[in-house]
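Heads up, the thing below is written out as C-alpha cells.
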Amino acid sequence: MLLVNHLSISYQATQILNDFDLSLATGDIFALLGDSGSGKSSVLRFISGLDEAQSGQVILNGKQLSNNGTHNVPPELREIGMVFQDYALFPHMNVKKNISFGIYNLSNSKQKTKVEELLLMIGLKGVERKYPHQLSGGEQQRVALARALAPSPKLLLLDEPFSSLDKNHQEQLVLQVRDILKKTNITSILVTHDKYEATIFADKVGVIKNKKLTIN
Ligand SMILES: Nc1ncnc2c1ncn2[C@@H]1O[C@H](COP(=O)(O)OP(=O)(O)OP(=O)(O)O)[C@@H](O)[C@H]1O
C-alpha cells in the first residue's frame, strides 16, 4: 500500500501543491492528470526521493520513506521503479545490459533468466543483443518497462511514457502495459496529459486542481 500524506511543494515563492494526499492499495493502477505546470512530475520526484518538499510523508508497504518533506530512504533503496518519456534507455548498452542494469547483484545465470522472462512478457523475445536505436519507440518503451520491473519494485512511477509514440501504436501499448502491471500486481502511478489514456490505463484517475488532488 502507498500513502502520500500532506505533501506541500513550493519553488521559491510559488506554491505548487498544498496538502496533497494520495492512498493506493497494492496492485492499484492510478493515473494523475492536471494542467501543465500543476505539479504532476513534482509529485513523482518527491515519492521517488529525488526532490524534497516543504512537507509530506511517504509510506510504502508500511515503511516510512519520507517524513516532514525530507527523505529517510535514498532513491536507490526505495524499491521504486521509474519509466520516463525520453532518454529511457542507455544508448550504448544492448537490451540485455539495459534490462539487467538494476539486478547486477544477481548471478549471471539469474540475470539471464530474468531478462528472458521479461522479454517474453513484453513480447520482445530474442532482442537481447540489439541496441536501443535498432528498436522502434514503442519497443524501446517496453524495454524501459522491463528494466524498471527487473528488480521487482514495490511501486512503479511512469512519467508520460507513451506521449512520444505515434497514436496508432499508443493505445495498444497502453493496454499491453496495463495488462503486464496487472499480472505482476505492482502498484503504479502514471502521469499523463491525456484523459483518454488515463481512463483506459488506470483503475483510478485523479486530477490536480487548486494545488490538491481530486479523485474522479
Ligand atoms: N526545480 C525547480 N525549480 C523551480 N521551479 C520548478 C522546479 N521544478 C518544477 N518547477 C515548476 O513547478 C511547476 C510544476 O512542475 P511539474 O514539472 O511538477 O509540473 P507538471 O504538472 O508535471 O507539468 P507538465 O505537465 O508540463 O510536465 C512548474 O511551474 C515548474 O516550472
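So you can find residues: chains in the C-alpha cells are A, B, ... in the order shown, residues in each start at 1, and ligands are numbered from 1 in order.
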Dump as a tab-separated table the rows for residues of chain A within 8 Å of ligand 1: closest atom pair and distance in Å with one decimal, only C-alpha atoms and all ligand atoms counted, ordered by chain and rising residue number.
residue	atom	partner	partner_atom_place_in_ligand_line	distance
A:Ser10	CA	ligand 1	12 (O)	7.6
A:Tyr11	CA	ligand 1	4 (C)	4.8
A:Gln12	CA	ligand 1	4 (C)	6.9
A:Ile16	CA	ligand 1	13 (C)	6.0
A:Leu33	CA	ligand 1	21 (O)	7.9
A:Gly34	CA	ligand 1	21 (O)	6.0
A:Asp35	CA	ligand 1	21 (O)	5.9
A:Ser36	CA	ligand 1	26 (O)	3.5
A:Gly37	CA	ligand 1	19 (O)	3.5
A:Ser38	CA	ligand 1	21 (O)	3.9
A:Gly39	CA	ligand 1	18 (O)	3.2
A:Lys40	CA	ligand 1	21 (O)	3.8
A:Ser41	CA	ligand 1	22 (O)	3.7
A:Ser42	CA	ligand 1	18 (O)	3.6
A:Val43	CA	ligand 1	18 (O)	6.6
A:Val191	CA	ligand 1	22 (O)	7.6
A:Thr192	CA	ligand 1	25 (O)	7.3
A:His193	CA	ligand 1	25 (O)	6.4
With a cut-off of 10 Å, could you pull out the residues of segment 17-66 of chain A touching segment 169-185 of chain A and give me the nearest pair of atoms for each, distance in Å to one decimal, using only C-alpha atoms, ordered by chain and ascending number, as a Markdown table?
| residue | atom | partner | partner_atom | distance |
| --- | --- | --- | --- | --- |
| A:Thr26 | CA | A:Asn185 | CA | 7.2 |
| A:Gly27 | CA | A:Asn185 | CA | 4.4 |
| A:Asp28 | CA | A:Asn185 | CA | 7.8 |
| A:Ile29 | CA | A:Leu181 | CA | 8.0 |
Discussion item. With only C-alpha atoms as the counted atoms, please give the residues lying no more than 10 Å from Glu76 of chain A, apart from itself and same-chain residues fewer than 2 positions off, as a ChimeraX atom specification.
Written reply: /A:48-50,73-74,78-81,102
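Within the 9 Å cut-off around Ala148 of chain A, using only C-alpha atoms and omitting residues fewer than 3 positions from it on the same chain, the listed residues are Ile80, Gly81, Met82, Val83, Ile99, Gly102, Val143, Ala144, Leu145, Pro151, Ser152, Pro153 and Leu156 of chain A.
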Selected residues, C-alpha atoms, written as a PDB file, in the first residue's frame, please.
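Written file, part-v7.pdb:
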ATOM      1  CA  ILE A  80      10.574   2.148  -6.688  1.00  0.00           C
ATOM      2  CA  GLY A  81      10.854   1.708 -10.461  1.00  0.00           C
ATOM      3  CA  MET A  82      10.616   4.602 -12.931  1.00  0.00           C
ATOM      4  CA  VAL A  83       9.876   4.983 -16.629  1.00  0.00           C
ATOM      5  CA  ILE A  99      17.336  -4.647 -18.557  1.00  0.00           C
ATOM      6  CA  GLY A 102      19.325  -2.860 -11.717  1.00  0.00           C
ATOM      7  CA  VAL A 143      12.346  -2.460 -22.800  1.00  0.00           C
ATOM      8  CA  ALA A 144      12.373   0.527 -20.410  1.00  0.00           C
ATOM      9  CA  LEU A 145       9.409  -1.036 -18.626  1.00  0.00           C
ATOM     10  CA  PRO A 151      14.398  -5.573  -9.632  1.00  0.00           C
ATOM     11  CA  SER A 152      10.735  -6.340  -8.689  1.00  0.00           C
ATOM     12  CA  PRO A 153       9.871  -2.861  -7.400  1.00  0.00           C
ATOM     13  CA  LEU A 156       6.256   1.854 -10.418  1.00  0.00           C
TER      14      LEU A 156
END
Worksheet item: Which residue gives the smallest distance to Asn18 of chain A among A:Leu2, A:Gly126, A:Phe46, A:Ser55, with only C-alpha atoms counted?
Response: A:Ser55
Please report, as a short mmCIF file (atom, residue, chain, number, x, y, z; two decimals) with C-alpha atoms, in the first residue's frame, each residue of segment 33-205 of chain A to which DSSP assigns strand (DSSP E or B) when run on this structure's backbone.
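Contents of the output file part11.cif:
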data_model
loop_
_atom_site.label_atom_id
_atom_site.label_comp_id
_atom_site.auth_asym_id
_atom_site.auth_seq_id
_atom_site.Cartn_x
_atom_site.Cartn_y
_atom_site.Cartn_z
CA LEU A 33 -3.86 14.25 -14.66
CA GLY A 34 -3.54 18.01 -14.37
CA SER A 55 6.05 18.96 4.00
CA GLY A 56 4.95 15.46 3.11
CA GLN A 57 5.15 11.86 4.14
CA VAL A 58 5.53 8.71 2.01
CA ILE A 59 4.75 5.27 3.42
CA LEU A 60 5.17 2.26 1.14
CA LYS A 63 7.77 1.54 5.63
CA GLN A 64 8.16 5.30 6.09
CA LEU A 65 10.32 6.51 3.20
CA SER A 66 9.88 10.26 3.75
CA ASN A 67 8.59 12.45 6.55
CA THR A 70 12.64 15.05 3.81
CA HIS A 71 13.71 11.55 2.86
CA ILE A 80 10.57 2.15 -6.69
CA GLY A 81 10.85 1.71 -10.46
CA MET A 82 10.62 4.60 -12.93
CA VAL A 83 9.88 4.98 -16.63
CA PHE A 84 10.14 8.36 -18.36
CA LEU A 155 5.92 0.76 -6.80
CA LEU A 156 6.26 1.85 -10.42
CA LEU A 157 6.20 5.53 -11.46
CA LEU A 158 5.51 6.29 -15.13
CA ASP A 159 6.01 9.87 -16.30
CA THR A 187 1.16 -0.57 -7.58
CA SER A 188 1.65 2.08 -10.27
CA ILE A 189 1.20 5.78 -10.91
CA LEU A 190 1.00 7.14 -14.45
CA VAL A 191 1.43 10.86 -15.06
CA LYS A 204 -8.48 5.20 -10.57
CA VAL A 205 -7.91 8.63 -12.10
#
